[in-house]
>>> print(open('input36.txt').read())   # compact mmCIF, C-alpha atoms
# COMPACT_ATOMS: atom_id res chain seq x y z
CA MET A 1 146.97 4.66 44.31
CA LEU A 2 150.55 5.88 44.02
CA VAL A 3 151.23 8.09 41.02
CA ALA A 4 153.37 5.95 38.72
CA THR A 5 154.26 8.40 35.98
CA LEU A 6 154.31 12.11 35.34
CA ALA A 7 151.69 11.70 32.63
CA ILE A 8 149.22 10.12 35.04
CA ALA A 9 149.92 12.63 37.80
CA MET A 10 149.57 15.59 35.47
CA ALA A 11 146.24 14.46 34.03
CA ALA A 12 143.55 17.12 34.24
CA VAL A 13 141.33 14.64 36.03
CA SER A 14 142.84 12.15 38.48
CA PRO A 15 141.35 8.64 38.70
CA ILE A 16 138.59 8.65 41.30
CA ALA A 17 138.82 5.92 43.93
CA PRO A 18 135.91 3.44 43.84
CA ARG A 19 133.15 4.34 46.29
CA SER A 20 133.94 1.49 48.68
CA ALA A 21 137.68 2.26 48.64
CA ALA A 22 137.02 5.97 49.17
CA SER A 23 134.77 5.22 52.12
CA ALA A 24 137.43 3.03 53.73
CA ILE A 25 140.05 5.73 53.26
CA LEU A 26 137.80 8.44 54.73
CA ASN A 27 136.98 6.25 57.74
CA GLN A 28 140.58 6.84 58.85
CA ALA A 29 140.14 10.62 58.90
CA SER A 30 137.88 13.32 60.29
CA ARG A 31 137.13 17.01 60.07
CA GLU A 32 136.60 19.34 63.03
CA ASP A 33 135.40 22.96 62.74
CA LYS A 34 136.46 25.03 65.75
CA ASP A 35 136.59 28.79 66.37
CA GLY A 36 137.22 29.69 62.74
CA TRP A 37 139.59 26.78 62.07
CA VAL A 38 139.04 23.75 59.84
CA ILE A 39 141.00 20.96 61.54
CA LEU A 40 141.73 17.95 59.34
CA HIS A 41 142.83 14.76 61.11
CA LEU A 42 144.52 12.69 58.38
CA SER A 43 146.44 9.40 58.38
CA GLY A 44 147.96 6.70 56.23
CA SER A 45 149.85 6.49 52.96
CA PRO A 46 150.61 9.63 50.90
CA HIS A 47 147.63 8.79 48.70
CA ASP A 48 145.29 8.28 51.65
CA VAL A 49 146.40 11.49 53.39
CA GLY A 50 145.91 13.45 50.17
CA PHE A 51 142.53 11.91 49.33
CA GLN A 52 141.25 12.56 52.85
CA HIS A 53 142.46 16.17 52.67
CA GLY A 54 140.85 16.77 49.28
CA ALA A 55 137.52 15.18 50.15
CA LEU A 56 137.14 16.71 53.61
CA ALA A 57 138.07 20.24 52.49
CA ALA A 58 136.85 20.16 48.88
CA ARG A 59 134.81 23.36 49.15
CA GLU A 60 137.67 25.25 50.78
CA ILE A 61 140.18 23.99 48.19
CA ASP A 62 137.92 25.14 45.38
CA SER A 63 137.71 28.61 46.94
CA ALA A 64 141.47 28.77 47.55
CA VAL A 65 142.40 27.85 43.98
CA LYS A 66 139.99 30.42 42.55
CA THR A 67 141.24 33.14 44.91
CA PHE A 68 144.92 32.47 44.26
CA ALA A 69 144.22 32.37 40.51
CA PHE A 70 142.59 35.79 40.77
CA ALA A 71 145.52 37.12 42.82
CA ALA A 72 148.01 35.71 40.31
CA SER A 73 146.62 37.66 37.36
CA HIS A 74 145.85 40.88 39.26
CA GLU A 75 148.99 41.10 41.39
CA THR A 76 151.76 39.55 39.29
CA GLY A 77 150.64 39.94 35.67
CA HIS A 78 150.72 36.19 35.03
CA ASP A 79 147.56 34.12 34.84
CA TRP A 80 146.90 30.78 36.52
CA GLU A 81 147.72 28.79 33.41
CA TRP A 82 151.18 30.36 33.44
CA TYR A 83 151.66 29.34 37.08
CA LYS A 84 150.56 25.80 36.34
CA THR A 85 152.89 25.53 33.36
CA VAL A 86 155.92 26.91 35.20
CA ALA A 87 155.28 24.91 38.38
CA LYS A 88 155.00 21.71 36.35
CA SER A 89 158.17 22.32 34.31
CA MET A 90 160.32 23.79 37.10
CA PHE A 91 159.28 21.82 40.18
CA TRP A 92 157.48 18.56 39.49
CA ASP A 93 160.49 16.37 38.73
CA LYS A 94 162.26 17.68 41.85
CA ILE A 95 159.46 16.63 44.20
CA ASP A 96 159.73 13.37 46.12
CA PRO A 97 157.28 10.66 44.94
CA GLU A 98 155.43 10.67 48.28
CA TYR A 99 154.56 14.36 47.89
CA GLN A 100 153.69 13.94 44.21
CA ALA A 101 151.28 11.22 45.27
CA GLU A 102 149.81 13.35 48.06
CA MET A 103 149.15 16.31 45.75
CA ALA A 104 147.60 14.10 43.07
CA ALA A 105 145.35 12.53 45.69
CA ILE A 106 144.28 15.93 47.07
CA ALA A 107 142.94 16.67 43.59
CA GLU A 108 141.36 13.22 43.44
CA GLY A 109 139.63 13.69 46.78
CA ALA A 110 138.30 17.11 45.82
CA GLN A 111 137.05 15.72 42.51
CA SER A 112 135.19 12.98 44.38
CA LYS A 113 133.13 15.79 45.93
CA GLY A 114 132.42 17.46 42.60
CA VAL A 115 135.19 20.09 42.60
CA ASN A 116 136.88 20.68 39.24
CA VAL A 117 140.52 20.85 40.31
CA SER A 118 143.55 19.07 38.85
CA THR A 119 146.87 17.85 40.20
CA VAL A 120 148.53 20.76 38.42
CA ASP A 121 146.19 23.20 40.20
CA ILE A 122 147.32 21.75 43.54
CA LEU A 123 150.97 21.94 42.44
CA ALA A 124 150.57 25.57 41.36
CA LEU A 125 148.81 26.40 44.64
CA ASN A 126 151.72 24.98 46.64
CA SER A 127 154.23 26.73 44.37
CA TYR A 128 152.51 30.10 44.36
CA ILE A 129 154.53 31.95 47.01
CA GLU A 130 157.93 31.10 45.62
CA LEU A 131 156.94 31.70 42.01
CA SER A 132 155.03 34.94 42.57
CA ASP A 133 157.42 36.57 45.03
CA TYR A 134 160.82 35.13 44.08
CA TYR A 135 160.81 33.86 40.48
CA VAL A 136 158.58 36.50 38.87
CA PRO A 137 160.76 39.47 39.98
CA ILE A 138 163.86 37.82 38.49
CA LEU A 139 162.02 36.90 35.30
CA ASP A 140 160.66 40.43 34.92
CA ALA A 141 164.09 41.96 35.54
CA LYS A 142 165.66 39.76 32.86
CA GLN A 143 163.01 40.70 30.33
CA LYS A 144 163.45 44.41 31.07
CA HIS A 145 167.25 44.23 31.47
CA ALA A 146 166.72 45.93 34.81
CA GLN A 147 167.62 45.43 38.46
CA VAL A 148 165.56 42.88 40.37
CA ILE A 149 162.87 44.54 42.47
CA SER A 150 162.12 42.50 45.58
CA ARG A 151 158.59 41.19 46.12
CA ALA A 152 159.60 39.22 49.21
CA PRO A 153 156.52 39.19 51.45
CA LEU A 154 156.93 41.12 54.69
CA ALA A 155 155.24 38.53 56.81
CA CYS A 156 155.07 37.62 60.48
CA SER A 157 156.27 38.41 63.99
CA ALA A 158 157.67 35.51 66.03
CA PHE A 159 159.84 34.50 68.96
CA VAL A 160 161.29 31.47 70.73
CA ALA A 161 162.60 31.46 74.30
CA ALA A 162 164.04 29.06 76.88
CA GLY A 163 166.09 28.88 80.07
CA SER A 164 166.28 32.10 82.07
CA ALA A 165 163.83 33.80 79.69
CA THR A 166 160.82 31.63 80.55
CA LYS A 167 158.74 30.98 83.64
CA ASP A 168 159.55 27.27 83.93
CA GLY A 169 162.89 27.37 82.10
CA LYS A 170 161.43 25.35 79.22
CA VAL A 171 160.77 26.35 75.62
CA VAL A 172 157.99 28.74 74.57
CA MET A 173 157.24 29.71 70.96
CA GLY A 174 154.81 32.25 69.49
CA HIS A 175 154.05 33.43 65.94
CA ASN A 176 151.57 35.55 64.06
CA PHE A 177 151.14 35.43 60.32
CA TRP A 178 151.05 38.66 58.32
CA TRP A 179 149.68 38.54 54.79
CA GLY A 180 147.42 40.31 52.34
CA TYR A 181 143.83 39.65 53.39
CA LEU A 182 142.79 38.51 49.90
CA THR A 183 144.67 35.22 50.09
CA GLY A 184 145.52 35.40 53.79
CA GLU A 185 141.96 34.62 54.85
CA HIS A 186 142.48 31.14 53.41
CA TRP A 187 145.10 30.15 56.00
CA ASN A 188 142.35 28.70 58.15
CA VAL A 189 143.15 24.98 58.01
CA ILE A 190 145.13 22.96 60.53
CA LEU A 191 146.59 19.76 59.12
CA ASP A 192 147.01 17.00 61.71
CA ILE A 193 148.82 14.25 59.79
CA ARG A 194 149.86 10.79 60.92
CA PRO A 195 151.79 9.68 57.82
CA ALA A 196 152.83 6.11 57.08
CA LYS A 197 156.45 7.27 57.29
CA GLY A 198 158.04 9.94 59.43
CA CYS A 199 156.68 11.95 62.34
CA HIS A 200 153.16 12.83 63.39
CA VAL A 201 152.93 16.49 62.35
CA MET A 202 150.57 19.45 62.82
CA MET A 203 150.62 22.74 60.94
CA ASP A 204 148.34 25.55 59.88
CA ALA A 205 147.92 25.83 56.12
CA VAL A 206 145.91 26.87 53.11
CA PRO A 207 143.47 24.11 52.08
CA GLY A 208 145.28 22.14 49.40
CA PHE A 209 148.78 22.85 50.73
CA ILE A 210 151.05 19.95 51.69
CA GLU A 211 153.12 22.37 53.80
CA SER A 212 152.19 25.19 56.13
CA GLY A 213 153.10 28.35 54.23
CA THR A 214 152.72 30.54 57.30
CA ASP A 215 155.03 28.71 58.54
CA TRP A 216 154.07 27.07 61.85
CA ALA A 217 154.50 23.36 62.53
CA ILE A 218 155.22 20.78 65.22
CA ASN A 219 155.99 17.08 65.31
CA ASP A 220 155.82 14.28 67.87
CA LYS A 221 159.59 14.24 68.33
CA GLY A 222 159.34 17.52 70.20
CA ILE A 223 160.26 19.83 67.32
CA GLY A 224 158.45 23.11 66.68
CA LEU A 225 159.27 25.67 64.01
CA CYS A 226 158.06 29.00 62.67
CA GLU A 227 159.55 31.86 60.68
CA THR A 228 159.52 35.48 59.61
CA THR A 229 160.43 36.42 56.06
CA ILE A 230 163.60 38.29 55.10
CA SER A 231 162.51 41.56 53.52
CA GLY A 232 164.28 43.04 50.50
CA TYR A 233 165.46 39.56 49.45
CA THR A 234 166.01 38.74 45.76
CA GLY A 235 167.67 35.29 45.46
CA PHE A 236 166.27 32.32 43.54
CA ASP A 237 167.80 29.19 41.99
CA GLU A 238 165.64 27.59 39.31
CA ASN A 239 167.53 24.31 39.73
CA GLY A 240 166.88 23.98 43.46
CA ILE A 241 164.27 22.00 45.38
CA PRO A 242 161.09 24.01 46.08
CA GLU A 243 160.76 25.47 49.54
CA PHE A 244 157.31 23.98 50.09
CA GLN A 245 158.77 20.45 49.94
CA ARG A 246 161.76 21.29 52.13
CA MET A 247 159.51 22.80 54.80
CA ARG A 248 157.17 19.78 54.84
CA LYS A 249 160.08 17.35 54.82
CA ALA A 250 161.86 19.20 57.63
CA ILE A 251 158.93 18.84 60.03
CA GLN A 252 157.97 15.33 58.90
CA TYR A 253 161.47 13.87 59.17
CA GLY A 254 163.47 16.27 61.37
CA LYS A 255 164.06 14.84 64.84
CA SER A 256 166.50 17.49 66.05
CA LEU A 257 167.23 21.13 65.25
CA ASP A 258 170.36 20.09 63.37
CA GLU A 259 168.35 17.67 61.22
CA VAL A 260 165.74 20.33 60.50
CA ALA A 261 168.43 22.81 59.45
CA HIS A 262 170.10 20.18 57.25
CA ILE A 263 166.86 19.39 55.39
CA PHE A 264 166.15 23.08 54.80
CA LYS A 265 169.64 23.59 53.36
CA ALA A 266 169.71 20.51 51.12
CA GLY A 267 168.82 21.66 47.59
CA ASN A 268 167.99 25.17 48.83
CA ASN A 269 166.51 27.21 45.96
CA GLY A 270 166.46 30.49 47.93
CA ALA A 271 162.72 30.89 47.55
CA TYR A 272 160.59 32.08 50.46
CA ALA A 273 163.78 33.17 52.25
CA ASN A 274 163.11 33.17 55.98
CA THR A 275 164.64 33.46 59.38
CA TRP A 276 163.46 30.15 60.81
CA LEU A 277 162.94 29.97 64.57
CA MET A 278 162.85 26.50 66.15
CA VAL A 279 162.44 24.72 69.46
CA ASP A 280 163.30 21.22 70.65
CA GLY A 281 161.16 20.31 73.63
CA LYS A 282 163.28 17.24 74.40
CA THR A 283 166.59 19.09 74.81
CA ASN A 284 165.09 22.47 75.79
CA GLU A 285 166.96 24.04 72.87
CA ILE A 286 166.04 27.01 70.68
CA GLY A 287 167.45 27.71 67.23
CA LYS A 288 167.59 30.35 64.53
CA LEU A 289 168.31 29.59 60.86
CA GLU A 290 168.79 32.67 58.67
CA LEU A 291 168.27 30.95 55.34
CA GLY A 292 169.37 32.95 52.33
CA LEU A 293 170.63 31.34 49.14
CA LYS A 294 174.31 32.31 49.25
CA ASN A 295 174.40 32.83 53.00
CA VAL A 296 173.03 30.40 55.60
CA ILE A 297 173.59 31.08 59.30
CA PHE A 298 172.47 28.70 62.05
CA SER A 299 172.59 29.42 65.79
CA SER A 300 171.24 27.52 68.80
CA SER A 301 171.12 27.92 72.56
CA ASN A 302 169.52 26.54 75.71
CA ASP A 303 169.10 29.97 77.24
CA GLY A 304 167.63 33.31 76.16
CA TYR A 305 165.54 34.13 73.12
CA TYR A 306 165.47 34.73 69.38
CA PHE A 307 162.86 36.81 67.59
CA GLY A 308 161.92 37.77 64.05
CA ALA A 309 160.27 40.79 62.46
CA ASN A 310 161.22 40.64 58.75
CA PHE A 311 164.75 41.97 59.02
CA PRO A 312 167.97 40.43 57.69
CA GLU A 313 170.72 40.23 60.30
CA ASP A 314 173.93 38.84 58.84
CA PRO A 315 175.97 41.69 57.25
CA LYS A 316 177.16 39.52 54.37
CA LEU A 317 173.63 38.33 53.62
CA ILE A 318 172.39 41.93 53.69
CA ARG A 319 175.14 43.04 51.31
CA GLU A 320 174.82 40.16 48.84
CA GLU A 321 171.16 39.14 48.93
CA THR A 322 169.02 42.05 50.15
CA PRO A 323 170.38 44.99 48.10
CA SER A 324 167.10 46.90 48.38
CA TYR A 325 166.66 46.35 52.12
CA ARG A 326 165.66 49.35 54.15
CA GLU A 327 164.13 49.42 57.59
CA TRP A 328 160.67 48.51 56.44
CA HIS A 329 157.56 50.03 57.79
CA GLY A 330 158.48 49.83 61.43
CA SER A 331 160.68 46.72 61.37
CA GLU A 332 163.18 48.47 63.62
CA THR A 333 160.36 49.48 65.97
CA ARG A 334 159.14 45.89 66.08
CA GLN A 335 162.62 44.75 67.03
CA ASP A 336 162.59 47.23 69.91
CA ARG A 337 159.11 46.03 70.89
CA TRP A 338 160.29 42.42 71.06
CA LYS A 339 163.25 43.39 73.22
CA LYS A 340 161.00 45.43 75.50
CA HIS A 341 158.70 42.44 76.05
CA LEU A 342 161.28 39.71 76.34
CA ASP A 343 163.78 41.65 78.46
CA GLY A 344 161.07 43.17 80.64
CA ASP A 345 159.43 39.80 81.25
CA LYS A 346 162.64 37.82 81.71
CA GLY A 347 161.94 34.73 83.78
CA LYS A 348 158.17 35.13 83.35
CA VAL A 349 157.42 34.17 79.75
CA ASP A 350 154.67 31.56 79.47
CA ALA A 351 151.73 30.82 77.17
CA GLU A 352 149.62 33.68 78.51
CA LEU A 353 152.34 36.27 78.00
CA ALA A 354 153.16 34.79 74.59
CA GLU A 355 149.54 35.25 73.52
CA SER A 356 149.69 38.89 74.63
CA TYR A 357 152.83 39.49 72.54
CA ILE A 358 151.30 37.91 69.45
CA ALA A 359 148.17 40.05 69.94
CA ASP A 360 150.13 43.26 70.61
CA SER A 361 148.73 45.84 68.17
CA PHE A 362 150.27 48.82 70.00
CA ASP A 363 152.40 50.93 67.69
CA ALA A 364 155.13 52.85 69.51
CA GLN A 365 155.32 55.28 66.59
CA THR A 366 151.69 56.39 66.78
CA GLN A 367 151.25 55.55 70.49
CA ARG A 368 147.96 53.88 69.59
CA PRO A 369 146.77 50.25 69.40
CA ASP A 370 146.08 50.70 65.69
CA GLY A 371 148.33 47.96 64.35
CA HIS A 372 150.31 50.40 62.23
CA GLY A 373 154.04 50.80 61.73
CA GLY A 374 155.89 49.06 64.53
CA ALA A 375 153.11 46.90 66.01
CA LEU A 376 153.86 43.20 66.45
CA CYS A 377 150.26 42.49 65.44
CA GLY A 378 149.84 44.53 62.28
CA LYS A 379 146.41 45.31 60.90
CA GLY A 380 144.56 47.71 58.64
CA GLY A 381 144.36 48.42 54.93
CA GLY A 382 144.78 45.40 52.71
CA GLY A 383 146.75 43.16 55.04
CA GLY A 384 148.18 42.40 58.45
CA ALA A 385 148.30 39.61 61.02
CA ILE A 386 145.71 37.03 60.02
CA ASN A 387 146.23 34.39 62.73
CA GLY A 388 148.35 33.63 65.80
CA LYS A 389 149.77 30.50 67.45
CA VAL A 390 151.56 29.76 70.75
CA LEU A 391 153.07 26.65 72.33
CA THR A 392 154.96 25.59 75.44
CA ALA A 393 157.13 22.55 76.10
CA ASP A 394 154.19 20.92 77.86
CA SER A 395 151.72 21.51 75.02
CA LEU A 396 154.31 20.39 72.46
CA SER A 397 154.79 17.10 74.31
CA LYS A 398 151.04 16.50 74.00
CA MET A 399 150.87 17.56 70.31
CA GLN A 400 148.87 20.65 71.21
CA PHE A 401 149.13 24.40 70.68
CA TRP A 402 146.94 27.45 71.10
CA ALA A 403 145.71 29.15 67.94
CA ARG A 404 143.61 32.18 67.15
CA MET A 405 142.09 32.54 63.69
CA GLY A 406 141.69 36.11 62.47
CA ILE A 407 143.43 39.20 63.80
CA PRO A 408 145.25 38.00 66.94
CA ASP A 409 144.06 40.94 69.05
CA GLY A 410 140.51 39.65 68.57
CA SER A 411 139.20 42.54 66.51
CA ASP A 412 136.93 42.03 63.51
CA LEU A 413 138.11 42.09 59.91
CA ILE A 414 135.37 43.70 57.83
CA VAL A 415 135.51 43.76 54.02
CA ALA A 416 133.91 47.19 53.80
CA THR A 417 136.84 48.73 55.71
CA MET A 418 139.61 47.13 53.63
CA GLY A 419 139.52 49.51 50.70
CA ALA A 420 139.42 46.52 48.36
CA SER A 421 138.48 46.79 44.69
CA ASP A 422 135.08 45.58 43.60
CA ALA A 423 136.73 42.64 41.83
CA SER A 424 138.62 41.64 44.99
CA LYS A 425 135.53 41.90 47.17
CA ALA A 426 134.09 38.86 45.40
CA PHE A 427 136.83 36.77 47.04
CA LEU A 428 136.84 38.38 50.50
CA TYR A 429 134.61 37.77 53.50
CA ASP A 430 134.14 39.31 56.94
CA LEU A 431 136.26 37.57 59.56
CA LYS A 432 134.94 38.06 63.06
CA GLY A 433 137.23 38.06 66.08
CA GLN A 434 137.79 34.59 67.53
CA PRO A 435 139.00 33.31 70.92
CA TRP A 436 142.26 31.48 71.49
CA ALA A 437 141.54 27.77 70.99
CA LEU A 438 143.54 24.78 72.21
CA ILE A 439 144.20 22.61 69.15
CA SER A 440 144.98 18.93 69.76
CA GLY A 441 146.35 16.30 67.43
CA SER A 442 144.74 12.91 67.01
CA ASN A 443 145.63 10.14 69.46
>>> encode(input="input36.txt", output="C-alpha cells")
Amino acid sequence: MLVATLAIAMAAVSPIAPRSAASAILNQASREDKDGWVILHLSGSPHDVGFQHGALAAREIDSAVKTFAFAASHETGHDWEWYKTVAKSMFWDKIDPEYQAEMAAIAEGAQSKGVNVSTVDILALNSYIELSDYYVPILDAKQKHAQVISRAPLACSAFVAAGSATKDGKVVMGHNFWWGYLTGEHWNVILDIRPAKGCHVMMDAVPGFIESGTDWAINDKGIGLCETTISGYTGFDENGIPEFQRMRKAIQYGKSLDEVAHIFKAGNNGAYANTWLMVDGKTNEIGKLELGLKNVIFSSSNDGYYFGANFPEDPKLIREETPSYREWHGSETRQDRWKKHLDGDKGKVDAELAESYIADSFDAQTQRPDGHGGALCGKGGGGGAINGKVLTADSLSKMQFWARMGIPDGSDLIVATMGASDASKAFLYDLKGQPWALISGSN
C-alpha cells in the first residue's frame, strides 16, 4: 500500500501485507545467488518492489543495518538514533512519494520475515554516506568554530571509452568500487528492477538501498553510469535533494546523457560529490559530469575516453570546493596508469581488457602487484576495491554486464589480515576470490 502520510511511513513497524497479498507480490519477484552476488529480480509498483526487496533479502538487510549502525558510532561519533533523526528531519519531505513508498515497503517486507527494522532505519541506511561524509564534517566544524575537514570517501577507479579507443568503435565502461571493508562487504546485491514507471534498471547496491551507492547502474534505454568520488571535497546544502534519490531517479528516468545530467543537477545538495562517467549505447556517446555544488562541468564525446581516480579536475572547483585537496595516496599515479592502459591499447579496448584494468593491482610506485599507492585495484589494510563491473554496448543492449564480487584481482579477503579491532571483527567475514560472472536482467 502506498504511504499516505509521514506519520504512517515513519511508524516503527510498517503494516504487514496479508499473507495472501504478500504471496501474490512475491510471485512477481525472485532471488538468485551467484558467485558471491545476491541478485534480486523485482517488479511492479513502488510498494511491490520494496516489499519484494525487503522479504527476499531480509537477512542481509538486518546485517547491513547493524553494521552501518556500528560504523556510525565508531567512525563518526554519532549513533544510529542520531542518523535516523537527522535523515528523517532533513531528507524525508524532499523525497518523491514513490521512493518513500519503496523504502517503507522494504521495511515491511523485512518485517514479514521477522527482521526488526523500521522505515526510518531504511531511510538512515540510504542517507548514511551523505550524512557521515558530507554533513557531519560541516556540523563538527561549526560546533568547533574550525575549518571543515573533508571526509569525502576516496572511492573507485573507472573509465568509459568509445570510437577510436575501442575494438569495435562502440562504448565500453568499467568500474571498481573502493571502500572500507567493514561496510564495503555489504555491497553484494544486484537490484534488477522493472518498475511500474520509468526504465528497467540494474545496479549493484547494499541490501536495503534504493540506489546503488557504488555507483554502477544501467537502464533499458541504453544508458550506463558509474563514478569516482572527488577527494578533498567539503560542500553540502542542507536544503537540497539527497544524492541517493537523484542517482536512482537519473537511471530510472534518464533516457539520454543530457537527461541524466539534468536530473543529477536538479536540487543538487553537493553530497557524495562525484565525477560521473556515462555511456549511451544508442548514440555511442560517452560523458563526464564533474558534479560539485558550486561548480558543475559536463562534457561528452563520441570518440576517446574519460577516466576517474578520485581527483578534481576543474581549477575553479578545486579552488572553491576542495581546499584540502592534495594528490592523495597515488591518485596521480593512478591517472598515469589509466593513460598508459588506454593510450597503449587504443583501438583494442573490449570487455576482456576492461576486466584486466579493473583488476590491475600493480602499483608503479612499489613495482609490485600489492594494490598499494597508485594501483587501479587497491587492496590491503582496512579497505580497497571490493567489487568490479564491466559492460560493452552489446551487453548493455541485452541488459547484461560482467561483475566480480570481492577484490577484482581475484585474491582472497581474510579478516585476520585486515588489522581490524575485535569489535569490528564481529561484523566482518572472509571474502574468497570470485570469478567474473555475467549478470542478466529479467526478461
>>> atom_distance(input="input36.txt", atom1="atom CA of A:Leu353", atom2="atom CA of A:Asp280")
20.0 Å
>>> closest_residue(input="input36.txt", among="A:Ala104, A:Val49, A:Leu257, A:Ile439", to="A:Ala196", atoms="all atoms listed in the file")
A:Val49
>>> residues_around(input="input36.txt", residues="A:Thr234", least_positions_apart="2", cutoff="10 Å", atoms="all atoms listed in the file", output="ChimeraX atom specification")
/A:133-135,137-138,148-152,230-232,236,270-273,292-293,320-325
>>> residues_around(input="input36.txt", residues="A:Met103", least_positions_apart="2", cutoff="9 Å", atoms="only C-alpha atoms", output="PyMOL selection string")
chain A and resi 9+46-47+50-51+98-101+105-108+119-120+122-123+208-210
>>> write_last_selection(input="input36.txt", atoms="C-alpha atoms", output="compact mmCIF listing (two decimals), in the coordinates of the input")
# COMPACT_ATOMS: atom_id res chain seq x y z
CA ALA A 9 149.92 12.63 37.80
CA PRO A 46 150.61 9.63 50.90
CA HIS A 47 147.63 8.79 48.70
CA GLY A 50 145.91 13.45 50.17
CA PHE A 51 142.53 11.91 49.33
CA GLU A 98 155.43 10.67 48.28
CA TYR A 99 154.56 14.36 47.89
CA GLN A 100 153.69 13.94 44.21
CA ALA A 101 151.28 11.22 45.27
CA ALA A 105 145.35 12.53 45.69
CA ILE A 106 144.28 15.93 47.07
CA ALA A 107 142.94 16.67 43.59
CA GLU A 108 141.36 13.22 43.44
CA THR A 119 146.87 17.85 40.20
CA VAL A 120 148.53 20.76 38.42
CA ILE A 122 147.32 21.75 43.54
CA LEU A 123 150.97 21.94 42.44
CA GLY A 208 145.28 22.14 49.40
CA PHE A 209 148.78 22.85 50.73
CA ILE A 210 151.05 19.95 51.69
>>> closest_residue(input="input36.txt", among="A:Ser23, A:Gln143, A:Thr283, A:Thr214", to="A:Ser157", atoms="all atoms listed in the file")
A:Thr214
>>> atom_distance(input="input36.txt", atom1="atom CA of A:Ile129", atom2="atom CA of A:Pro153")
8.7 Å
>>> atom_distance(input="input36.txt", atom1="atom CA of A:Ser118", atom2="atom CA of A:Ala217")
26.4 Å
>>> residues_around(input="input36.txt", residues="stretch 393-410 of chain A", least_positions_apart="5", cutoff="8 Å", atoms="only C-alpha atoms", output="compact mmCIF listing (two decimals) with C-alpha atoms, keeping the file's coordinate frame")
# COMPACT_ATOMS: atom_id res chain seq x y z
CA ASP A 35 136.59 28.79 66.37
CA GLY A 36 137.22 29.69 62.74
CA TRP A 37 139.59 26.78 62.07
CA LYS A 170 161.43 25.35 79.22
CA VAL A 171 160.77 26.35 75.62
CA VAL A 172 157.99 28.74 74.57
CA ASN A 176 151.57 35.55 64.06
CA GLU A 185 141.96 34.62 54.85
CA ASN A 188 142.35 28.70 58.15
CA MET A 202 150.57 19.45 62.82
CA ILE A 218 155.22 20.78 65.22
CA ASN A 219 155.99 17.08 65.31
CA ASP A 220 155.82 14.28 67.87
CA GLY A 222 159.34 17.52 70.20
CA ILE A 223 160.26 19.83 67.32
CA GLY A 224 158.45 23.11 66.68
CA GLY A 281 161.16 20.31 73.63
CA ASN A 284 165.09 22.47 75.79
CA ILE A 358 151.30 37.91 69.45
CA ALA A 359 148.17 40.05 69.94
CA ASP A 360 150.13 43.26 70.61
CA SER A 361 148.73 45.84 68.17
CA CYS A 377 150.26 42.49 65.44
CA LYS A 379 146.41 45.31 60.90
CA GLY A 384 148.18 42.40 58.45
CA ALA A 385 148.30 39.61 61.02
CA ILE A 386 145.71 37.03 60.02
CA ASN A 387 146.23 34.39 62.73
CA GLY A 388 148.35 33.63 65.80
CA LEU A 431 136.26 37.57 59.56
CA LYS A 432 134.94 38.06 63.06
CA GLY A 433 137.23 38.06 66.08
CA GLN A 434 137.79 34.59 67.53
CA PRO A 435 139.00 33.31 70.92
CA TRP A 436 142.26 31.48 71.49
CA ALA A 437 141.54 27.77 70.99
CA LEU A 438 143.54 24.78 72.21
CA ILE A 439 144.20 22.61 69.15
CA SER A 440 144.98 18.93 69.76
CA GLY A 441 146.35 16.30 67.43
>>> closest_residue(input="input36.txt", among="A:Glu75, A:Glu285, A:Asp96, A:Asp33", to="A:Pro242", atoms="only C-alpha atoms")
A:Asp96
>>> closest_residue(input="input36.txt", among="A:Met90, A:Ile95, A:Ala124, A:Cys156", to="A:Arg246", atoms="all atoms listed in the file")
A:Ile95
>>> axis_aligned_box(input="input36.txt", around="stretch 209-223 of chain A", padding_each_side="6 Å", output="lines of an AutoDock Vina configuration file")
center_x = 154.5
center_y = 22.4
center_z = 60.5
size_x = 23.5
size_y = 28.3
size_z = 31.5
>>> residues_around(input="input36.txt", residues="A:Ile39", least_positions_apart="5", cutoff="6 Å", atoms="all atoms listed in the file", output="MDAnalysis selection string")
chainID A and resid 31:32 189:190
>>> decode(input="input36.txt", residues="stretch 23-45 of chain A", atoms="C-alpha atoms", output="CSV table (one decimal), in the first residue's frame")
chain,number,residue,atom,x,y,z
A,23,SER,CA,2.4,-14.2,-1.6
A,24,ALA,CA,1.0,-12.6,-4.8
A,25,ILE,CA,3.5,-9.8,-4.6
A,26,LEU,CA,6.4,-12.2,-4.1
A,27,ASN,CA,5.3,-14.3,-7.1
A,28,GLN,CA,6.4,-11.4,-9.3
A,29,ALA,CA,9.9,-11.5,-8.0
A,30,SER,CA,12.8,-13.9,-7.4
A,31,ARG,CA,16.2,-14.2,-5.8
A,32,GLU,CA,19.3,-15.6,-7.4
A,33,ASP,CA,22.6,-16.3,-5.6
A,34,LYS,CA,25.6,-16.3,-8.0
A,35,ASP,CA,29.4,-16.1,-7.4
A,36,GLY,CA,29.1,-14.0,-4.3
A,37,TRP,CA,26.2,-11.9,-5.5
A,38,VAL,CA,22.6,-11.7,-4.3
A,39,ILE,CA,20.6,-10.9,-7.4
A,40,LEU,CA,17.1,-9.6,-6.8
A,41,HIS,CA,14.7,-9.6,-9.7
A,42,LEU,CA,11.9,-7.1,-8.7
A,43,SER,CA,8.9,-5.7,-10.5
A,44,GLY,CA,5.7,-3.6,-10.0
A,45,SER,CA,4.6,-0.6,-8.1
